[in-house]
$ cat target.tsv   # TSV, C-alpha atoms
chain	number	residue	atom	x	y	z
X	154	MET	CA	30.79	14.25	9.48
X	155	HIS	CA	28.14	11.72	10.46
X	156	LEU	CA	25.39	14.04	9.32
X	157	THR	CA	26.86	14.55	5.86
X	158	LEU	CA	27.20	10.80	5.41
X	159	ASN	CA	23.57	10.28	6.30
X	160	GLU	CA	22.60	13.09	4.01
X	161	SER	CA	24.31	11.44	1.10
X	162	LEU	CA	22.51	8.20	1.92
X	163	LEU	CA	19.23	10.06	2.03
X	164	ASN	CA	19.94	11.50	-1.40
X	165	GLU	CA	20.60	8.01	-2.64
X	166	LEU	CA	17.52	6.45	-1.09
X	167	LEU	CA	14.85	9.02	-1.85
X	168	PRO	CA	14.92	8.71	-5.66
X	169	LEU	CA	14.58	4.94	-5.17
X	170	LYS	CA	11.38	5.34	-3.22
X	171	ASN	CA	9.08	5.65	-6.24
X	172	LYS	CA	10.77	2.80	-8.08
X	173	LEU	CA	10.51	0.53	-5.05
X	174	PHE	CA	6.87	1.46	-4.64
X	175	ARG	CA	6.07	0.64	-8.27
X	176	VAL	CA	7.79	-2.75	-8.05
X	177	ALA	CA	6.03	-3.56	-4.77
X	178	LYS	CA	2.67	-2.54	-6.19
X	179	ARG	CA	3.20	-4.72	-9.25
X	180	LEU	CA	3.74	-7.73	-7.03
X	181	LEU	CA	1.34	-7.05	-4.17
X	182	VAL	CA	-1.28	-5.19	-6.28
X	183	SER	CA	-2.69	-3.49	-3.19
X	184	LYS	CA	-1.54	0.12	-2.92
X	185	GLU	CA	-1.57	0.16	0.87
X	186	GLU	CA	0.50	-3.02	1.12
X	187	ALA	CA	2.93	-1.63	-1.44
X	188	GLU	CA	3.33	1.52	0.67
X	189	ASP	CA	4.05	-0.56	3.76
X	190	ALA	CA	6.57	-2.71	1.90
X	191	THR	CA	8.37	0.35	0.53
X	192	GLN	CA	8.66	1.92	3.95
X	193	GLU	CA	9.90	-1.32	5.45
X	194	ILE	CA	12.64	-1.70	2.83
X	195	LEU	CA	13.71	1.95	3.10
X	196	TYR	CA	13.91	1.50	6.86
X	197	ARG	CA	16.05	-1.62	6.49
X	198	LEU	CA	18.35	0.06	3.97
X	199	TRP	CA	18.72	2.99	6.31
X	200	ASN	CA	19.77	0.71	9.16
X	201	ILE	CA	22.36	-1.35	7.30
X	202	GLU	CA	25.86	-0.82	8.67
X	203	GLU	CA	27.84	1.61	6.61
X	204	ALA	CA	30.76	-0.77	6.10
X	205	GLN	CA	28.37	-3.41	4.84
X	206	ARG	CA	26.62	-0.99	2.56
X	207	ALA	CA	29.89	0.03	0.96
X	208	LYS	CA	30.19	-3.52	-0.36
X	209	PHE	CA	27.18	-3.10	-2.66
X	210	ASN	CA	28.38	-1.48	-5.80
X	211	ASN	CA	24.80	-0.98	-6.89
X	212	LEU	CA	22.39	0.14	-4.20
X	213	GLU	CA	19.47	0.31	-6.61
X	214	ALA	CA	19.77	-3.30	-7.80
X	215	TYR	CA	20.29	-4.44	-4.22
X	216	SER	CA	17.23	-2.60	-2.91
X	217	ILE	CA	15.00	-3.86	-5.70
X	218	THR	CA	16.11	-7.43	-5.02
X	219	MET	CA	15.31	-6.79	-1.36
X	220	ILE	CA	11.80	-5.53	-2.00
X	221	LYS	CA	11.16	-8.30	-4.54
X	222	ASN	CA	12.04	-10.96	-1.96
X	223	TYR	CA	10.05	-9.18	0.73
X	224	CYS	CA	6.95	-9.02	-1.49
X	225	LEU	CA	7.27	-12.64	-2.58
X	226	ASP	CA	7.44	-13.67	1.07
X	227	ARG	CA	4.32	-11.67	1.79
X	228	LEU	CA	2.52	-13.29	-1.13
X	229	LYS	CA	3.60	-16.74	-0.04
X	230	SER	CA	2.21	-16.31	3.45
X	231	LYS	CA	-1.00	-14.94	1.95
X	232	GLN	CA	-1.32	-17.83	-0.47
X	233	VAL	CA	-1.05	-20.27	2.40
X	234	GLN	CA	-4.08	-18.59	3.94
X	235	GLN	CA	-5.93	-18.66	0.63
X	236	THR	CA	-5.29	-22.35	-0.05
X	237	VAL	CA	-6.73	-23.12	3.32
X	238	SER	CA	-9.98	-21.37	2.44
X	239	GLY	CA	-10.26	-22.46	-1.21
X	240	GLU	CA	-8.56	-22.74	-4.58
X	241	LEU	CA	-5.73	-20.59	-5.90
X	242	PRO	CA	-6.56	-17.25	-7.53
X	243	GLN	CA	-7.08	-17.71	-11.27
X	244	ALA	CA	-5.87	-15.50	-14.12
X	245	ALA	CA	-8.20	-12.55	-14.50
X	246	VAL	CA	-8.15	-12.03	-18.28
X	247	PRO	CA	-11.59	-10.76	-19.28
X	248	ALA	CA	-13.51	-13.63	-20.84
X	249	SER	CA	-16.02	-11.60	-22.79
X	250	LEU	CA	-16.62	-8.25	-24.37
X	251	SER	CA	-19.09	-7.19	-21.72
X	252	GLN	CA	-16.52	-7.88	-19.04
X	253	ALA	CA	-13.95	-5.82	-20.91
X	254	VAL	CA	-16.40	-2.98	-21.38
X	255	GLU	CA	-17.19	-3.06	-17.70
X	256	LEU	CA	-13.59	-2.19	-16.96
X	257	LYS	CA	-13.99	0.88	-19.17
X	258	ASP	CA	-10.64	2.36	-18.41
X	259	ALA	CA	-8.17	0.80	-20.82
X	260	HIS	CA	-5.31	1.31	-18.38
X	261	GLN	CA	-7.10	-0.56	-15.69
X	262	TRP	CA	-7.67	-3.35	-18.14
X	263	VAL	CA	-4.02	-3.54	-19.16
X	264	ALA	CA	-2.98	-3.49	-15.50
X	265	LYS	CA	-5.34	-6.37	-14.86
X	266	ILE	CA	-3.84	-8.45	-17.66
X	267	ILE	CA	-0.31	-7.83	-16.37
X	268	ASN	CA	-1.26	-8.50	-12.78
X	269	SER	CA	-2.77	-11.83	-13.75
X	270	LEU	CA	0.65	-13.08	-14.91
X	271	PRO	CA	2.72	-15.32	-12.61
X	272	GLU	CA	4.97	-13.40	-10.20
X	273	LYS	CA	8.23	-14.04	-12.04
X	274	GLU	CA	6.84	-12.80	-15.32
X	275	ARG	CA	5.18	-9.87	-13.62
X	276	ILE	CA	8.34	-8.52	-12.04
X	277	ILE	CA	10.30	-8.97	-15.27
X	278	VAL	CA	7.59	-7.09	-17.19
X	279	GLN	CA	7.71	-4.33	-14.59
X	280	LEU	CA	11.49	-4.02	-14.77
X	281	ARG	CA	11.75	-4.24	-18.54
X	282	GLU	CA	8.66	-2.43	-19.82
X	283	ILE	CA	8.19	0.18	-17.14
X	284	GLU	CA	11.56	0.73	-15.49
X	285	GLN	CA	13.31	0.01	-18.82
X	286	TYR	CA	16.13	-2.07	-17.37
X	287	SER	CA	18.63	-3.96	-19.50
X	288	PHE	CA	18.61	-7.76	-19.44
X	289	LYS	CA	21.84	-7.67	-17.48
X	290	GLU	CA	20.31	-5.46	-14.79
X	291	ILE	CA	17.17	-7.58	-14.60
X	292	SER	CA	19.16	-10.80	-14.27
X	293	ALA	CA	21.03	-9.28	-11.30
X	294	VAL	CA	17.81	-8.22	-9.59
X	295	VAL	CA	15.80	-11.40	-10.09
X	296	GLU	CA	18.84	-13.61	-9.52
X	297	MET	CA	18.57	-15.73	-12.66
X	298	PRO	CA	20.59	-15.94	-15.89
X	299	GLU	CA	19.86	-13.53	-18.74
X	300	THR	CA	18.63	-16.33	-20.99
X	301	SER	CA	15.92	-17.26	-18.48
X	302	VAL	CA	14.95	-13.60	-18.16
X	303	ARG	CA	14.47	-13.49	-21.93
X	304	VAL	CA	12.37	-16.65	-21.87
X	305	TYR	CA	10.12	-15.33	-19.10
X	306	LEU	CA	9.76	-11.97	-20.81
X	307	SER	CA	8.79	-13.37	-24.20
X	308	ARG	CA	6.37	-15.76	-22.54
X	309	ALA	CA	4.76	-12.83	-20.71
X	310	ARG	CA	4.58	-10.70	-23.86
X	311	LYS	CA	2.93	-13.50	-25.79
X	312	LYS	CA	0.33	-13.93	-23.07
X	313	ILE	CA	-0.36	-10.20	-23.13
X	314	ARG	CA	-0.70	-10.30	-26.91
X	315	THR	CA	-3.13	-13.22	-26.71
X	316	ALA	CA	-5.25	-11.27	-24.25
X	317	PHE	CA	-5.31	-8.32	-26.64
X	318	LEU	CA	-6.20	-10.47	-29.65
X	319	LYS	CA	-9.00	-12.13	-27.71
X	320	ILE	CA	-10.58	-8.75	-27.11
X	321	ASP	CA	-9.97	-7.74	-30.72
X	322	ARG	CA	-11.86	-10.77	-32.00
X	323	TYR	CA	-14.93	-9.54	-30.18
X	324	GLY	CA	-14.58	-6.24	-31.94
X	325	LEU	CA	-13.51	-3.91	-29.20
S	109	MET	CA	8.30	5.01	-40.04
S	110	ASP	CA	6.03	2.98	-42.32
S	111	PHE	CA	3.39	0.71	-40.87
S	112	LYS	CA	4.75	-2.50	-42.37
S	113	HIS	CA	8.08	-2.01	-40.68
S	114	MET	CA	6.29	-1.26	-37.41
S	115	SER	CA	4.16	-4.40	-37.47
S	116	HIS	CA	7.28	-6.43	-38.17
S	117	LEU	CA	8.97	-4.76	-35.22
S	118	LEU	CA	5.93	-5.54	-33.07
S	119	ASP	CA	6.13	-9.20	-34.03
S	120	ARG	CA	9.74	-9.27	-32.94
S	121	TYR	CA	8.79	-7.41	-29.77
S	122	PHE	CA	6.23	-10.04	-28.79
S	123	GLU	CA	8.81	-12.75	-29.42
S	124	GLY	CA	11.10	-10.96	-26.96
S	125	GLU	CA	13.75	-10.23	-29.56
S	126	THR	CA	13.83	-6.43	-29.51
S	127	THR	CA	16.49	-4.23	-27.95
S	128	ARG	CA	15.75	-1.41	-25.54
S	129	LYS	CA	16.31	1.10	-28.34
S	130	GLU	CA	13.74	-0.61	-30.53
S	131	GLU	CA	11.30	-0.72	-27.65
S	132	ASP	CA	11.74	3.03	-27.18
S	133	LEU	CA	11.05	3.40	-30.88
S	134	ILE	CA	7.76	1.51	-30.54
S	135	ARG	CA	6.71	3.57	-27.55
S	136	ASN	CA	7.46	6.86	-29.26
S	137	PHE	CA	5.66	5.68	-32.36
S	138	TYR	CA	2.46	5.25	-30.35
S	139	LEU	CA	2.93	8.53	-28.53
S	140	LYS	CA	3.36	10.46	-31.77
S	141	ASN	CA	0.91	8.78	-34.14
S	142	LYS	CA	-2.85	8.80	-33.77
S	143	ALA	CA	-5.51	6.86	-35.67
S	144	LEU	CA	-3.38	3.98	-36.89
S	145	PRO	CA	-4.62	0.96	-38.88
S	146	PRO	CA	-6.53	-1.40	-36.55
S	147	ASP	CA	-3.84	-4.10	-36.35
S	148	LEU	CA	-1.43	-1.51	-34.96
S	149	GLU	CA	-3.99	0.58	-33.10
S	150	GLN	CA	-5.07	-2.35	-30.93
S	151	TYR	CA	-1.81	-2.27	-28.96
S	152	ARG	CA	-1.97	1.43	-28.17
S	153	PRO	CA	-3.36	0.96	-24.62
S	154	LEU	CA	-0.47	-1.36	-23.80
S	155	PHE	CA	2.32	1.04	-24.68
S	156	LEU	CA	0.50	4.05	-23.29
S	157	TYR	CA	0.04	2.12	-20.06
S	158	TYR	CA	3.77	1.36	-19.85
S	159	HIS	CA	4.51	5.00	-20.53
S	160	GLN	CA	2.10	6.20	-17.82
S	161	ALA	CA	3.04	3.54	-15.26
S	162	LYS	CA	6.58	4.83	-15.04
S	163	LYS	CA	5.27	8.12	-13.66
S	164	GLU	CA	3.51	6.56	-10.70
S	165	GLU	CA	4.92	7.88	-7.43
S	166	PHE	CA	4.86	6.90	-3.79
S	167	PRO	CA	1.79	8.66	-2.41
S	168	THR	CA	2.71	11.67	-0.33
S	169	TYR	CA	-0.71	12.63	0.98
S	170	LYS	CA	-1.88	11.22	4.29
S	171	PRO	CA	-5.30	9.76	5.12
S	172	LYS	CA	-8.20	12.01	4.17
S	173	ARG	CA	-10.02	11.10	7.36
S	174	LYS	CA	-8.28	13.82	9.36
S	175	ARG	CA	-9.25	16.54	6.93
S	176	VAL	CA	-12.87	15.43	7.07
S	177	ALA	CA	-12.97	14.95	10.84
S	178	ILE	CA	-11.98	18.47	11.87
S	179	PRO	CA	-14.75	20.36	9.98
S	180	ALA	CA	-17.22	17.68	11.09
S	181	MET	CA	-16.24	18.16	14.73
S	182	ALA	CA	-16.39	21.94	14.36
S	183	PHE	CA	-19.85	21.59	12.83
S	184	GLY	CA	-20.97	19.39	15.69
S	185	LEU	CA	-19.65	21.85	18.23
S	186	VAL	CA	-21.47	24.76	16.57
S	187	VAL	CA	-24.74	22.80	16.59
S	188	LEU	CA	-24.29	21.95	20.29
S	189	ILE	CA	-23.64	25.56	21.22
S	190	GLY	CA	-26.64	26.61	19.15
S	191	VAL	CA	-28.90	24.12	20.92
S	192	ALA	CA	-27.60	25.20	24.32
S	193	LEU	CA	-28.15	28.87	23.53
S	194	THR	CA	-31.71	28.36	22.27
S	195	PHE	CA	-32.55	26.36	25.39
S	196	GLN	CA	-31.22	29.12	27.59
S	197	THR	CA	-33.22	31.80	25.79
S	198	LEU	CA	-36.37	29.63	25.73
S	199	ASN	CA	-36.26	28.83	29.49
S	200	PRO	CA	-35.53	32.12	31.24
S	201	SER	CA	-37.87	31.11	34.14
S	202	ALA	CA	-35.12	29.93	36.50
S	203	SER	CA	-33.73	33.06	38.17
S	204	GLU	CA	-30.15	33.37	39.29
S	205	GLU	CA	-31.02	32.94	42.97
S	206	GLU	CA	-32.90	29.75	42.32
S	207	LEU	CA	-29.96	28.48	40.35
S	208	ASN	CA	-27.58	29.32	43.18
S	209	GLN	CA	-29.83	27.58	45.65
S	210	ALA	CA	-29.99	24.47	43.48
S	211	ALA	CA	-26.24	24.48	43.03
S	212	ALA	CA	-25.67	24.70	46.78
S	213	GLU	CA	-28.10	21.85	47.45
S	214	GLN	CA	-26.41	19.78	44.79
S	215	ALA	CA	-23.02	20.45	46.35
S	216	LEU	CA	-24.27	19.36	49.76
S	217	GLU	CA	-25.75	16.22	48.26
S	218	ASP	CA	-22.47	15.44	46.53
S	219	PHE	CA	-20.55	16.03	49.74
S	220	LYS	CA	-22.79	13.61	51.62
S	221	THR	CA	-22.49	10.82	49.07
S	222	ASN	CA	-18.76	11.29	48.83
S	223	PHE	CA	-18.28	11.02	52.56
S	224	THR	CA	-20.56	8.01	52.96
S	225	LEU	CA	-18.56	6.31	50.25
S	226	LEU	CA	-15.33	7.25	51.97
S	227	SER	CA	-16.46	5.94	55.32
S	228	LYS	CA	-17.72	2.70	53.76
S	229	ASN	CA	-14.39	2.13	52.11
S	230	TRP	CA	-12.60	3.00	55.30
S	231	GLN	CA	-14.58	0.30	57.07
S	232	LYS	CA	-13.70	-2.16	54.39
S	233	GLY	CA	-10.05	-1.24	54.72
S	234	THR	CA	-9.98	-1.79	58.46
S	235	THR	CA	-11.75	-5.18	58.23
S	236	SER	CA	-9.21	-6.32	55.65
S	237	VAL	CA	-6.43	-5.29	58.01
S	238	HIS	CA	-8.08	-7.49	60.61
S	239	TYR	CA	-8.01	-10.40	58.21
S	240	LEU	CA	-4.42	-9.64	57.41
S	241	THR	CA	-3.32	-9.77	61.03
S	242	TYR	CA	-5.30	-12.97	61.48
S	243	TRP	CA	-3.58	-14.45	58.41
S	244	ASP	CA	-0.26	-13.38	59.77
S	245	GLU	CA	-0.81	-15.07	63.10
S	246	THR	CA	-2.03	-18.35	61.64
S	247	THR	CA	0.80	-18.60	59.15
S	248	LYS	CA	3.26	-17.97	61.94
S	249	GLU	CA	1.81	-20.88	63.79
S	250	PHE	CA	2.17	-23.10	60.75
S	251	ILE	CA	5.73	-22.10	60.19
S	252	LYS	CA	6.56	-22.78	63.81
S	253	GLU	CA	5.54	-26.36	63.35
$ encode --input "target.tsv" --output "structure tokens"
Amino acid sequence: MHLTLNESLLNELLPLKNKLFRVAKRLLVSKEEAEDATQEILYRLWNIEEAQRAKFNNLEAYSITMIKNYCLDRLKSKQVQQTVSGELPQAAVPASLSQAVELKDAHQWVAKIINSLPEKERIIVQLREIEQYSFKEISAVVEMPETSVRVYLSRARKKIRTAFLKIDRYGL
Amino acid sequence: MDFKHMSHLLDRYFEGETTRKEEDLIRNFYLKNKALPPDLEQYRPLFLYYHQAKKEEFPTYKPKRKRVAIPAMAFGLVVLIGVALTFQTLNPSASEEELNQAAAEQALEDFKTNFTLLSKNWQKGTTSVHYLTYWDETTKEFIKE
């Protein structure tokens, strides 16, 4: 009885693993840190009391909210360390053609543009463009109203477009 | 789909006004069509990136270090054995008797050092016991008072 229950949980959690990893990597950027975060969240989900877990009608949305908060906490503690040593990290949009050429791989370049967005915009881009969530689902995960989600998303898309046009002007 | 309609759709996309269906349409448009006019072509990397990024998975492999370490250790071991063997074949001068003699002498030497060490430590132990009894007596005197 107990085994079958755990098995069903396992079947629910395993497909989430990749999604959680992608969200964590979008926020933390580092692959190793994203792996650690994913494992931590899976471990926590595994240990939640069954009665409590039954209350979540959507385990996926719940777990993505969990990993989002976990990653933001990690970033916050890191930023504290960074502000001690110097200024905040600046947006990494390539300033010139040579810089863009250096990155060669177009995917790497796009990833860099997205990862230079503020955290809120970054996670909304991840959920909308890559995981293809609806606005309703995103608003549940990021805990803000749909209208704000739309505002953040369009702001992010415009920034991405500007980065693309900048490169285009230099004839890439 | 004609290009004019697509660039209009893209404008709406960047304003954040498109539905998920329309966004799928844009993605599929880029996946299907190659060599588009430059104003459309420029966004190809973006939508291809989104398409690819969804396939990224949690890495299943474990650190490569282990895989490298085992052949390296095996290689090292082989070299060591090789060196040992060549030394043995190059220096056949020491006969078996001589070796036995040397081994016996070595054993005796070891025995001696071991026992001197043991006796030294034994001495130490007994002197500490003396101190301990002394300590015991003096503290008793203190406590009496």
$ closest_residue --input "target.tsv" --among "X:Glu299, X:Phe174, X:Glu284, X:Ile266" --to "Lys319 in chain X" --atoms "only C-alpha atoms"
X:Ile266
$ atom_distance --input "target.tsv" --atom1 "CA of Thr168 in chain S" --atom2 "CA of Glu188 in chain X"
10.2 Å
$ closest_residue --input "target.tsv" --among "S:Gln160, S:Ser115, S:Thr224, S:Gln214" --to "chain X" --atoms "all atoms listed in the file"
S:Gln160
$ interface_residues --input "target.tsv" --of "chain S" --to "chain X" --cutoff "8 Å" --atoms "only C-alpha atoms" --output "count of residues only"
19
$ closest_residue --input "target.tsv" --among "S:Leu156, S:Val237, S:Met114, S:Ala180" --to "Leu144 in chain S" --atoms "only C-alpha atoms"
S:Met114
$ atom_distance --input "target.tsv" --atom1 "CA of Phe111 in chain S" --atom2 "CA of Asn136 in chain S"
13.8 Å
